[in-house]
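First the structure, in the form of structure tokens, and then the observations on it.
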Amino acid sequence: MHKVARVISQSLLVVSVAAASLAVASCGPSDRSRLDRPQSGLATATLRSGTVEIVVELAVEPAVQEIGLMHRKELEDGRGMLFVYEEDRRLSFWMKNTLIPLSIAYLGSDGVIKEIHAMEPLSLAPIESERYVRYALEAPSGWFGRVGLKPGDRFDLSQVPGAR
């Protein structure tokens, strides 16, 4: 009886390991491969602050936020990505796999720029917000200064789905 129990136990172990391996193999490569290339086809919106406009790709879902602007080789002035969160919180970004220099503005739920930071390509150093914010706006390096935007300026977020 012990031999039968041992054979059954070993068989169940082999089947469990095989099933786990298949589950990992079936979702692993395709999930990882999306991290290895730039995103495309995202919804866009135009943000305005006074006479300044920027066309942004919207990063609303966590899977889109995870990739952000990774693997892009260029980003035109007047273009960017807006990361949208459901509630105010402290945010932290890094530049892993991001090939171009960026600037990031952290915005409150009212669209007011709270802070602006420079971001170096491929840096793993965290760029943390000092305040609770709802949005992060990435743009080409130095863009905010070139167009005269600074902390305290406000973006109209009425075109952003879910903006409050």
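Residue numbering restarts at 1 for every chain of the structure tokens, chains are lettered A, B, ... in their displayed order, and ligands are numbered from 1 as they appear.
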Hey, which bits of stretch 45-87 of chain A sit within 10 Å of stretch 137-149 of chain A, and for each residue what's the closest pair of atoms and how far apart in Å (one decimal), counting only C-alpha atoms, rows by chain and increasing number, as CSV?
residue,atom,partner,partner_atom,distance
A:Ser49,CA,A:Leu149,CA,8.2
A:Gly50,CA,A:Leu149,CA,9.6
A:Thr51,CA,A:Val147,CA,9.5
A:Val52,CA,A:Val147,CA,7.0
A:Glu53,CA,A:Val147,CA,9.4
A:Ile54,CA,A:Ala139,CA,8.7
A:Val55,CA,A:Ala139,CA,9.8
A:Val56,CA,A:Leu137,CA,8.3
A:Glu57,CA,A:Leu137,CA,9.8
A:Leu58,CA,A:Leu137,CA,9.7
A:Ala59,CA,A:Leu137,CA,9.9
A:Gly68,CA,A:Glu138,CA,9.1
A:Leu69,CA,A:Glu138,CA,8.5
A:Glu74,CA,A:Pro140,CA,8.7
A:Leu75,CA,A:Pro140,CA,6.2
A:Glu76,CA,A:Pro140,CA,7.0
A:Asp77,CA,A:Pro140,CA,6.1
A:Gly78,CA,A:Ala139,CA,7.6
A:Arg79,CA,A:Ala139,CA,6.4
A:Gly80,CA,A:Ala139,CA,4.5
A:Met81,CA,A:Glu138,CA,5.2
A:Leu82,CA,A:Leu137,CA,4.5
A:Phe83,CA,A:Leu137,CA,6.3
A:Val84,CA,A:Leu137,CA,8.9
Inset, instruction - Determine, counting only C-alpha atoms, which protein, DNA and RNA residues have an atom within 7 Å of an atom of A:Met95; residues of the same chain fewer than 5 positions away are not included. Present the result as an NGL selection string. - result: :A and (120-124)
Take the residues that were just selected and, keeping C-alpha atoms, output them as an mmCIF file, in the first residue's frame.
data_model
loop_
_atom_site.group_PDB
_atom_site.id
_atom_site.type_symbol
_atom_site.label_atom_id
_atom_site.label_comp_id
_atom_site.auth_asym_id
_atom_site.auth_seq_id
_atom_site.Cartn_x
_atom_site.Cartn_y
_atom_site.Cartn_z
ATOM 1 C CA GLU A 120 18.446 61.147 -17.776
ATOM 2 C CA PRO A 121 18.191 58.313 -20.331
ATOM 3 C CA LEU A 122 18.546 54.779 -18.949
ATOM 4 C CA SER A 123 18.916 55.977 -15.340
ATOM 5 C CA LEU A 124 17.546 53.690 -12.646
#
Legend entry - Closest of A:Arg89, A:Arg131, A:Gly152, A:Leu99 to A:Pro38 - atom-to-atom distances counting only C-alpha atoms: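 Nearest to A:Pro38: A:Leu99.
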Inset, instruction - Once DSSP has gone over the backbone, tell me which residues of stretch 38-156 of chain A are in strand (DSSP E or B), as JSON, numbers by chain. - result: {"A": [44, 45, 46, 47, 48, 49, 52, 53, 54, 55, 56, 57, 58, 59, 79, 80, 81, 82, 83, 84, 85, 86, 87, 88, 89, 92, 93, 102, 103, 104, 105, 106, 107, 112, 113, 114, 115, 116, 117, 118, 119, 127, 128, 133, 134, 135, 136, 137, 138, 139, 140, 154, 156]}
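You can rank A:Glu128, A:Arg48, A:Pro151, A:Tyr106 by their closest distance to A:Tyr85 using only C-alpha atoms, and at the top of that list sits A:Tyr106.
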